[in-house]
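Chemist: Got a structure here, written out as structure tokens. Questions coming.
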Amino acid sequence: LHQRGVDVIVALDVSNSMLAEDIKPNRLERAKRKISDLLNMLEGDRIGLVAFAGTSFVQCPLTLDYSAARIFLSAIDTQLIPVQGTAIGNAIETSVKAFRTLDKKSKALILITDGEDQTGKALSAAKSARSQGVKIYTIGIGGEIGAPLPNPSGDGGFRKNQQGEVILSKLDETTLQKIALATGGSYVRSVTGDIDLKTIYKDQIKILLDNETAYPCFCSSKRLNDLRKKLSRIKKL
């Protein structure tokens with residue numbers, strides 16, 4: 001049987017909160033290292049990169065050139081997007097457009113963020129993604145209490161609100177869970193920065209998406225749903 005590849009796009013939050021150092025060296029650099037590890041294990045599947053904060057754009061179009069993808073990845077930092085915020089809905093829309101939707105390949109979006117959606121359209125974007133055959137695997141970074149945001153001026157210290165209180169990042173787990181559920185993907189939270197993309201790629205994306213693409217006659221929808229339910233029970237990496 002001919003087995004088509006999987007198209008994978010990683011959407012990475014590059015807002016200033018990703019500079020929080022509760023995960024060493026900081027959240028963004030740890031996420032980039034894990035994405036680099038993912039590049040090492042790809043098995044003939046195309047990969048693309050989307051960066052997002054208050055808006056989003058395609059940092060690397062879908063490619064089989066993993067060396068080029070690594071160069072684009074290394075260039076990602078919080079200065080890429082001047083508009084601050086966490087526009088998860090916009091990131092999903094940009095990522096879906098980056099897939100060649102007419103292709104019959106399976107499509108997986110890995111979305112990594114430490115914030116909450118500020119567009120109010122994350123769920124509608126996820127449902128639209130589902131209608132176009134895209135499954136979303138969401139990864140939330142950080143603990144429940146959040147982390148202080150580094151001062152963007154580079155003078156040290158942390159950002160404060162008008163009342164002089166330190167601003168903490170806030171992870172919207174509920175929305176991330178709903179996004180994954182709406183698309184047949186999964187959600188995990190990484191408190192320590194141990195983002196195990198190997199598990200997501202090999203044990204979830206490759207198994208489920210490759211089976212749906214290559215073996216439609218031998219894997220019933222009920223069986224696939226059962227597999228999804230088992231995999232969705234994974235709460236932490």
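Labels used: A, B, ... for chains in the order of the structure tokens, numbers from 1 for residues in each chain, and numbers from 1 for ligands as shown.
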List the spatial neighbours of Val134 of chain A as a list of chain:residue names - criterion: any atom at most 7 Å away, only C-alpha atoms, same-chain residues fewer than 6 positions off excluded.
Modeler: A:Lys107, A:Ala108, A:Leu109, A:Thr183
Chemist: Need to verify the contact set: Arg46 of chain A, 6 Å, only C-alpha atoms, exclusion of same-chain residues closer than 3 positions in sequence. Can you return it as an NGL selection string?
Modeler: :A and (7 or 62-64)
Chemist: For the selection just defined, write its residues with N, CA and C atoms to a file, as a PDB file, in the first residue's frame.
Modeler:
ATOM      1  N   ASP A   7       1.550  16.190   6.747  1.00  0.00           N
ATOM      2  CA  ASP A   7       1.995  17.575   6.801  1.00  0.00           C
ATOM      3  C   ASP A   7       1.834  18.077   8.229  1.00  0.00           C
ATOM      4  N   LEU A  62       5.620  24.893   4.295  1.00  0.00           N
ATOM      5  CA  LEU A  62       5.801  23.441   4.323  1.00  0.00           C
ATOM      6  C   LEU A  62       6.988  23.027   3.467  1.00  0.00           C
ATOM      7  N   THR A  63       7.841  22.201   4.022  1.00  0.00           N
ATOM      8  CA  THR A  63       9.040  21.794   3.298  1.00  0.00           C
ATOM      9  C   THR A  63       9.537  20.437   3.772  1.00  0.00           C
ATOM     10  N   LEU A  64      10.265  19.768   2.910  1.00  0.00           N
ATOM     11  CA  LEU A  64      10.979  18.547   3.272  1.00  0.00           C
ATOM     12  C   LEU A  64      12.443  18.855   3.589  1.00  0.00           C
TER      13      LEU A  64
END
Chemist: Of the candidates A:Asp117, A:Ile23, A:Ile145, A:Lys202, which shows the shortest atom-to-atom distance to Val6 of chain A, using only C-alpha atoms?
Modeler: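 Looking only at the distances to Val6 of chain A, the closest residue turns out to be A:Lys202.
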Chemist: DSSP on the backbone: what in segment 140-203 of chain A comes out strand (DSSP E or B), as a ChimeraX atom specification?
Modeler: /A:140-141,148,150,158,160,166,168,186-190
Chemist: Compile the contact shell of Met41 of chain A as a VMD selection string: residues with an atom at most 12 Å away, counting only C-alpha atoms, same-chain residues fewer than 6 positions apart removed.
Modeler: chain A and resid 34 to 35 47 66 197 to 202 206
Chemist: So, counting only C-alpha atoms, which residue among A:Glu29, A:Glu144, A:Asp203, A:Glu93 is closest to Lys170 of chain A?
Modeler: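 Comparing A:Glu29, A:Glu144, A:Asp203, A:Glu93 against Lys170 of chain A, the winner is A:Glu144.
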Chemist: Identify, on the basis of only C-alpha atoms, every residue whose closest approach to Ala87 of chain A does not exceed 7 Å; exclude the query and any residue fewer than 3 positions from it along the same chain; express the result as a PyMOL selection string.
Modeler: chain A and resi 52-55+90-91+117-119
Chemist: Please save N, CA and C atoms of the selected residues as a compact mmCIF listing (two decimals), in the first residue's frame.
Modeler:
# COMPACT_ATOMS: atom_id res chain seq x y z
N PHE A 52 3.41 33.40 16.20
CA PHE A 52 2.28 34.26 16.51
C PHE A 52 2.43 34.95 17.86
N ALA A 53 1.84 36.12 17.94
CA ALA A 53 1.68 36.87 19.18
C ALA A 53 0.33 37.56 19.04
N GLY A 54 0.32 38.91 18.85
CA GLY A 54 -0.94 39.60 18.62
C GLY A 54 -1.46 39.39 17.23
N THR A 55 -0.60 38.92 16.33
CA THR A 55 -0.98 38.50 14.99
C THR A 55 -0.09 37.31 14.65
N ASN A 90 -6.21 33.59 15.35
CA ASN A 90 -5.50 34.04 14.15
C ASN A 90 -4.39 33.07 13.78
N ALA A 91 -3.70 32.52 14.77
CA ALA A 91 -2.62 31.56 14.51
C ALA A 91 -3.16 30.31 13.84
N ASP A 117 -6.31 32.99 24.63
CA ASP A 117 -6.73 33.58 23.37
C ASP A 117 -7.37 34.94 23.62
N GLN A 118 -6.92 35.94 22.87
CA GLN A 118 -7.45 37.29 23.05
C GLN A 118 -8.26 37.74 21.84
N THR A 119 -8.56 36.80 20.95
CA THR A 119 -9.34 37.16 19.76
C THR A 119 -10.80 36.75 19.89
Chemist: Mind listing the alpha helix (DSSP H) residues of segment 26-201 of chain A, per DSSP on the backbone, as number ranges by chain?
Modeler: A: 27-41, 66-74, 88-98, 122-131, 173-183, 197-198
Chemist: Find the nearest atom pair between each residue of segment 98-163 of chain A and segment 189-192 of chain A for residues within 8 Å, count only C-alpha atoms, give distances in Å to one decimal, sort rows by chain and ascending number, and present the table as a tab-separated table.
Modeler:
residue	atom	partner	partner_atom	distance
A:Ile139	CA	A:Arg189	CA	5.6
A:Gly140	CA	A:Arg189	CA	4.6
A:Ile141	CA	A:Ser190	CA	4.9
A:Gly142	CA	A:Val191	CA	4.6
A:Gly143	CA	A:Val191	CA	5.2
Chemist: Based on the selection just made, write C-alpha atoms of those residues as a PDB file, in the first residue's frame.
Modeler:
ATOM      1  CA  ILE A 139       0.493  22.315  24.271  1.00  0.00           C
ATOM      2  CA  GLY A 140       0.129  24.700  27.190  1.00  0.00           C
ATOM      3  CA  ILE A 141       3.319  25.903  28.861  1.00  0.00           C
ATOM      4  CA  GLY A 142       3.482  26.949  32.495  1.00  0.00           C
ATOM      5  CA  GLY A 143       1.842  26.292  35.840  1.00  0.00           C
TER       6      GLY A 143
END
Chemist: Name the residues in contact with Lys32 of chain A at a cut-off of 10 Å, using only C-alpha atoms, excluding same-chain residues fewer than 6 positions from it; report them as JSON, numbers by chain.
Modeler: {"A": [12, 38, 70, 73, 74, 76, 77]}
Chemist: Put those residues in a file: N, CA, C and O atoms, as a PDB file, in the first residue's frame.
Modeler:
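File produced: out_5.pdb:
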ATOM      1  N   LEU A  12       4.059  28.528  16.994  1.00  0.00           N
ATOM      2  CA  LEU A  12       4.772  28.822  18.244  1.00  0.00           C
ATOM      3  C   LEU A  12       4.482  30.241  18.721  1.00  0.00           C
ATOM      4  O   LEU A  12       4.640  31.208  17.973  1.00  0.00           O
ATOM      5  N   LEU A  38      12.257  17.587  17.181  1.00  0.00           N
ATOM      6  CA  LEU A  38      11.228  17.039  16.294  1.00  0.00           C
ATOM      7  C   LEU A  38      11.743  16.941  14.865  1.00  0.00           C
ATOM      8  O   LEU A  38      11.492  15.946  14.170  1.00  0.00           O
ATOM      9  N   ARG A  70      15.258  24.367  10.047  1.00  0.00           N
ATOM     10  CA  ARG A  70      16.032  24.627  11.268  1.00  0.00           C
ATOM     11  C   ARG A  70      16.564  26.059  11.273  1.00  0.00           C
ATOM     12  O   ARG A  70      16.616  26.708  12.326  1.00  0.00           O
ATOM     13  N   LEU A  73      13.726  28.253  12.143  1.00  0.00           N
ATOM     14  CA  LEU A  73      13.422  28.078  13.554  1.00  0.00           C
ATOM     15  C   LEU A  73      14.368  28.887  14.426  1.00  0.00           C
ATOM     16  O   LEU A  73      13.947  29.543  15.390  1.00  0.00           O
ATOM     17  N   SER A  74      15.650  28.859  14.093  1.00  0.00           N
ATOM     18  CA  SER A  74      16.649  29.564  14.901  1.00  0.00           C
ATOM     19  C   SER A  74      16.426  31.075  14.894  1.00  0.00           C
ATOM     20  O   SER A  74      16.824  31.774  15.824  1.00  0.00           O
ATOM     21  N   ILE A  76      13.553  32.567  15.053  1.00  0.00           N
ATOM     22  CA  ILE A  76      12.353  32.951  15.792  1.00  0.00           C
ATOM     23  C   ILE A  76      12.722  33.558  17.143  1.00  0.00           C
ATOM     24  O   ILE A  76      13.484  32.986  17.910  1.00  0.00           O
ATOM     25  N   ASP A  77      12.195  34.742  17.410  1.00  0.00           N
ATOM     26  CA  ASP A  77      12.343  35.363  18.730  1.00  0.00           C
ATOM     27  C   ASP A  77      11.150  36.280  18.976  1.00  0.00           C
ATOM     28  O   ASP A  77      10.256  36.406  18.139  1.00  0.00           O
TER      29      ASP A  77
END
Chemist: Could you give me, as an mmCIF file with C-alpha atoms, in the first residue's frame, the residues within 12 Å of Gln84 of chain A, counting only C-alpha atoms and dropping anything in the same chain fewer than 2 positions from it?
Modeler:
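Final output, around-v4.cif:
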data_model
loop_
_atom_site.group_PDB
_atom_site.id
_atom_site.type_symbol
_atom_site.label_atom_id
_atom_site.label_comp_id
_atom_site.auth_asym_id
_atom_site.auth_seq_id
_atom_site.Cartn_x
_atom_site.Cartn_y
_atom_site.Cartn_z
ATOM 1 C CA ASP A 13 3.811 31.641 20.610
ATOM 2 C CA VAL A 14 6.467 34.388 20.454
ATOM 3 C CA SER A 15 4.816 36.883 22.796
ATOM 4 C CA ASN A 16 6.970 38.454 25.517
ATOM 5 C CA SER A 17 5.563 36.105 28.153
ATOM 6 C CA MET A 18 7.491 33.295 26.464
ATOM 7 C CA PHE A 52 2.277 34.264 16.512
ATOM 8 C CA ALA A 53 1.681 36.867 19.185
ATOM 9 C CA GLY A 54 -0.936 39.603 18.616
ATOM 10 C CA THR A 55 -0.982 38.496 14.985
ATOM 11 C CA SER A 56 0.670 35.660 13.078
ATOM 12 C CA THR A 78 9.987 37.758 20.483
ATOM 13 C CA GLN A 79 11.021 40.611 18.184
ATOM 14 C CA LEU A 80 9.477 38.987 15.115
ATOM 15 C CA ILE A 81 5.997 40.344 15.771
ATOM 16 C CA PRO A 82 5.676 43.891 17.159
ATOM 17 C CA THR A 86 -1.922 35.911 22.121
ATOM 18 C CA ALA A 87 -4.068 35.635 19.009
ATOM 19 C CA GLY A 115 -1.261 32.406 27.135
ATOM 20 C CA GLN A 118 -7.446 37.290 23.045
ATOM 21 C CA PRO A 152 10.814 44.137 27.641
#
Chemist: What is the distance, in Å and to one decimal place, between atom CA of Ala51 of chain A and atom CA of Val10 of chain A?
Modeler: 8.5 Å
